[in-house]
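What follows is a short report on a single structure.
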Amino acid sequence: MGLVIGVCTFLCIGLFHPLVIKGEYYFGVKVWWVFLFAGFAFSGAALIVENILLQAVMGVTSCSCFWSILEIFEQQERVRKGWFPRNPRRTYYWDKDKENE
């Protein structure tokens with residue numbers, strides 16, 4: 001059982017990494033509330049479900065959602081530094097600062 005939970009945790013973390021990157025690219029940091037809502041939903045579901053494996057997977061998914069809130073803002077900073085590509089169709093907050101100079 002522990003090995004299955006470990007593999008599920010690994011896959012969940014691996015899934016959320018590109019979700020954060022794509023979420024920031026297409027929607028910016030305003031997508032953070034989606035991760036918040038999903039985190040609460042998975043937390044609530046983990047409390048209701050009786051199967052221990054599903055509880056664990058939903059708990060890990062919940063924590064991954066909450067962690068992604070922090071990561072979405074850090075991803076924006078990585079884009080600002082040029083470590084990840086910018087979305088050319090969006091205006092970033094640091095572009096507005098340059099216009100005021």
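Every chain in the structure tokens has a letter given in the order shown (A, B, ...), and although residue numbers restart at 1 in each chain, ligands are simply numbered from 1 in the order shown.
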Using backbone DSSP assignments, extract all helix (DSSP H, G or I) residues from chain A; output them as a PyMOL selection string. chain A and resi 2-48+52-80+93-99
With a distance cut-off of 9 Å and only C-alpha atoms, select the neighbouring residues of Val60 in chain A, excluding the residue or stretch itself and same-chain residues fewer than 5 positions from it, and output the selection as a VMD selection string. chain A and resid 8 to 9 12 to 13 42 55 65
Write the residues of the selection above to a file with N, CA and C atoms, as an mmCIF file, in the first residue's frame.
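Wrote again13.cif, looks like this:
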```cif
data_model
loop_
_atom_site.group_PDB
_atom_site.id
_atom_site.type_symbol
_atom_site.label_atom_id
_atom_site.label_comp_id
_atom_site.auth_asym_id
_atom_site.auth_seq_id
_atom_site.Cartn_x
_atom_site.Cartn_y
_atom_site.Cartn_z
ATOM 1 N N CYS A 8 1.705 7.191 -6.556
ATOM 2 C CA CYS A 8 0.643 8.169 -6.815
ATOM 3 C C CYS A 8 1.097 9.581 -6.461
ATOM 4 N N THR A 9 1.833 9.715 -5.371
ATOM 5 C CA THR A 9 2.369 11.019 -4.980
ATOM 6 C C THR A 9 3.334 11.543 -6.032
ATOM 7 N N CYS A 12 1.373 12.626 -9.055
ATOM 8 C CA CYS A 12 0.612 13.852 -8.777
ATOM 9 C C CYS A 12 1.522 15.071 -8.847
ATOM 10 N N ILE A 13 2.662 14.987 -8.223
ATOM 11 C CA ILE A 13 3.620 16.098 -8.263
ATOM 12 C C ILE A 13 4.085 16.334 -9.694
ATOM 13 N N PHE A 42 -10.561 18.690 -2.837
ATOM 14 C CA PHE A 42 -9.872 17.423 -2.571
ATOM 15 C C PHE A 42 -9.719 17.168 -1.068
ATOM 16 N N GLN A 55 -8.134 8.175 0.154
ATOM 17 C CA GLN A 55 -7.906 9.272 1.100
ATOM 18 C C GLN A 55 -6.505 9.840 0.946
ATOM 19 N N CYS A 65 -2.293 20.991 -4.772
ATOM 20 C CA CYS A 65 -3.057 22.173 -5.205
ATOM 21 C C CYS A 65 -2.660 23.394 -4.390
#
```
Just the number, please: distance in Å from CA of Gln75 in chain A to CA of Val29 in chain A, one decimal.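 Calculated distance between CA of Gln75 in chain A and CA of Val29 in chain A is 8.7 Å.
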Rank A:Phe84, A:Glu74, A:Phe16, A:Asp95 by their smallest atom-to-atom distance to Ser62 in chain A, using only C-alpha atoms, and report the top residue only. A:Phe16
From A:Pro18, A:Gly23, A:Gly2, A:Gly39, residue lying nearest Trp67 in chain A [only C-alpha atoms]: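 Residue with the minimum atom-to-atom distance to Trp67 in chain A: A:Gly39.
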Compile the contact shell of Phe73 in chain A as an mmCIF file with N, CA, C and O atoms, in the first residue's frame: residues with an atom at most 12 Å away, counting only C-alpha atoms, same-chain residues fewer than 6 positions apart removed.
```cif
data_model
loop_
_atom_site.group_PDB
_atom_site.id
_atom_site.type_symbol
_atom_site.label_atom_id
_atom_site.label_comp_id
_atom_site.auth_asym_id
_atom_site.auth_seq_id
_atom_site.Cartn_x
_atom_site.Cartn_y
_atom_site.Cartn_z
ATOM 1 N N VAL A 20 1.120 24.122 -13.489
ATOM 2 C CA VAL A 20 1.520 25.454 -13.023
ATOM 3 C C VAL A 20 2.130 26.252 -14.171
ATOM 4 O O VAL A 20 1.792 27.424 -14.378
ATOM 5 N N ILE A 21 2.997 25.624 -14.936
ATOM 6 C CA ILE A 21 3.663 26.316 -16.048
ATOM 7 C C ILE A 21 2.643 26.771 -17.093
ATOM 8 O O ILE A 21 2.630 27.931 -17.506
ATOM 9 N N GLY A 23 -0.638 26.995 -16.712
ATOM 10 C CA GLY A 23 -1.607 27.893 -16.098
ATOM 11 C C GLY A 23 -1.111 29.323 -16.066
ATOM 12 O O GLY A 23 -1.838 30.262 -16.402
ATOM 13 N N GLU A 24 0.147 29.504 -15.674
ATOM 14 C CA GLU A 24 0.724 30.855 -15.653
ATOM 15 C C GLU A 24 0.859 31.401 -17.066
ATOM 16 O O GLU A 24 0.600 32.581 -17.306
ATOM 17 N N TYR A 25 1.229 30.562 -18.013
ATOM 18 C CA TYR A 25 1.428 31.018 -19.388
ATOM 19 C C TYR A 25 0.124 31.541 -19.989
ATOM 20 O O TYR A 25 0.094 32.614 -20.586
ATOM 21 N N PHE A 27 -3.025 32.000 -18.333
ATOM 22 C CA PHE A 27 -3.947 32.773 -17.500
ATOM 23 C C PHE A 27 -3.264 33.725 -16.533
ATOM 24 O O PHE A 27 -3.934 34.551 -15.908
ATOM 25 N N GLY A 28 -1.973 33.607 -16.346
ATOM 26 C CA GLY A 28 -1.263 34.441 -15.382
ATOM 27 C C GLY A 28 -1.522 33.972 -13.961
ATOM 28 O O GLY A 28 -2.033 32.875 -13.732
ATOM 29 N N VAL A 29 -1.189 34.801 -12.993
ATOM 30 C CA VAL A 29 -1.324 34.403 -11.589
ATOM 31 C C VAL A 29 -2.777 34.393 -11.126
ATOM 32 O O VAL A 29 -3.074 33.853 -10.058
ATOM 33 N N LYS A 30 -3.685 34.959 -11.927
ATOM 34 C CA LYS A 30 -5.083 34.963 -11.510
ATOM 35 C C LYS A 30 -5.691 33.562 -11.463
ATOM 36 O O LYS A 30 -6.799 33.392 -10.966
ATOM 37 N N VAL A 31 -4.957 32.552 -11.909
ATOM 38 C CA VAL A 31 -5.441 31.170 -11.853
ATOM 39 C C VAL A 31 -5.252 30.559 -10.453
ATOM 40 O O VAL A 31 -5.708 29.452 -10.201
ATOM 41 N N TRP A 32 -4.661 31.307 -9.535
ATOM 42 C CA TRP A 32 -4.379 30.759 -8.204
ATOM 43 C C TRP A 32 -5.645 30.312 -7.493
ATOM 44 O O TRP A 32 -5.627 29.326 -6.761
ATOM 45 N N TRP A 33 -6.754 31.010 -7.701
ATOM 46 C CA TRP A 33 -7.984 30.656 -6.999
ATOM 47 C C TRP A 33 -8.528 29.313 -7.462
ATOM 48 O O TRP A 33 -9.232 28.634 -6.709
ATOM 49 N N TRP A 67 0.110 23.886 -2.729
ATOM 50 C CA TRP A 67 1.498 24.237 -3.028
ATOM 51 C C TRP A 67 1.590 24.973 -4.369
ATOM 52 O O TRP A 67 2.425 25.863 -4.556
ATOM 53 N N VAL A 79 9.397 33.602 -15.175
ATOM 54 C CA VAL A 79 9.149 34.170 -16.506
ATOM 55 C C VAL A 79 9.777 35.551 -16.604
ATOM 56 O O VAL A 79 10.401 35.895 -17.611
ATOM 57 N N ARG A 80 9.633 36.361 -15.541
ATOM 58 C CA ARG A 80 10.218 37.705 -15.536
ATOM 59 C C ARG A 80 11.725 37.654 -15.715
ATOM 60 O O ARG A 80 12.312 38.473 -16.411
#
```
Within 12 Å of Val4 in chain A using only C-alpha atoms, minus same-chain residues under 2 positions, as a PDB file with C-alpha atoms, in the first residue's frame:
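Ended up saving to part07.pdb:
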```
ATOM      1  CA  MET A   1       0.000   0.000   0.000  1.00  0.00           C
ATOM      2  CA  GLY A   2       2.781   2.435   0.881  1.00  0.00           C
ATOM      3  CA  GLY A   6       4.368   6.797  -3.105  1.00  0.00           C
ATOM      4  CA  VAL A   7       3.923   6.229  -6.841  1.00  0.00           C
ATOM      5  CA  CYS A   8       0.643   8.169  -6.815  1.00  0.00           C
ATOM      6  CA  THR A   9       2.369  11.019  -4.980  1.00  0.00           C
ATOM      7  CA  PHE A  10       5.182  11.055  -7.522  1.00  0.00           C
ATOM      8  CA  LEU A  11       2.697  11.121 -10.414  1.00  0.00           C
ATOM      9  CA  ILE A  52      -7.503   4.628   2.755  1.00  0.00           C
ATOM     10  CA  LEU A  53      -5.746   4.637  -0.629  1.00  0.00           C
ATOM     11  CA  LEU A  54      -8.174   7.186  -2.076  1.00  0.00           C
ATOM     12  CA  ALA A  56      -4.149   9.381   0.747  1.00  0.00           C
ATOM     13  CA  VAL A  57      -4.222  10.212  -2.964  1.00  0.00           C
TER      14      VAL A  57
END
```
Could you tell me how far CA of Tyr93 in chain A sits from CA of Lys22 in chain A, in Å to one decimal place? 18.2 Å
How far is it from CA of Leu47 in chain A to CA of Thr61 in chain A, in Å with one decimal? 13.0 Å
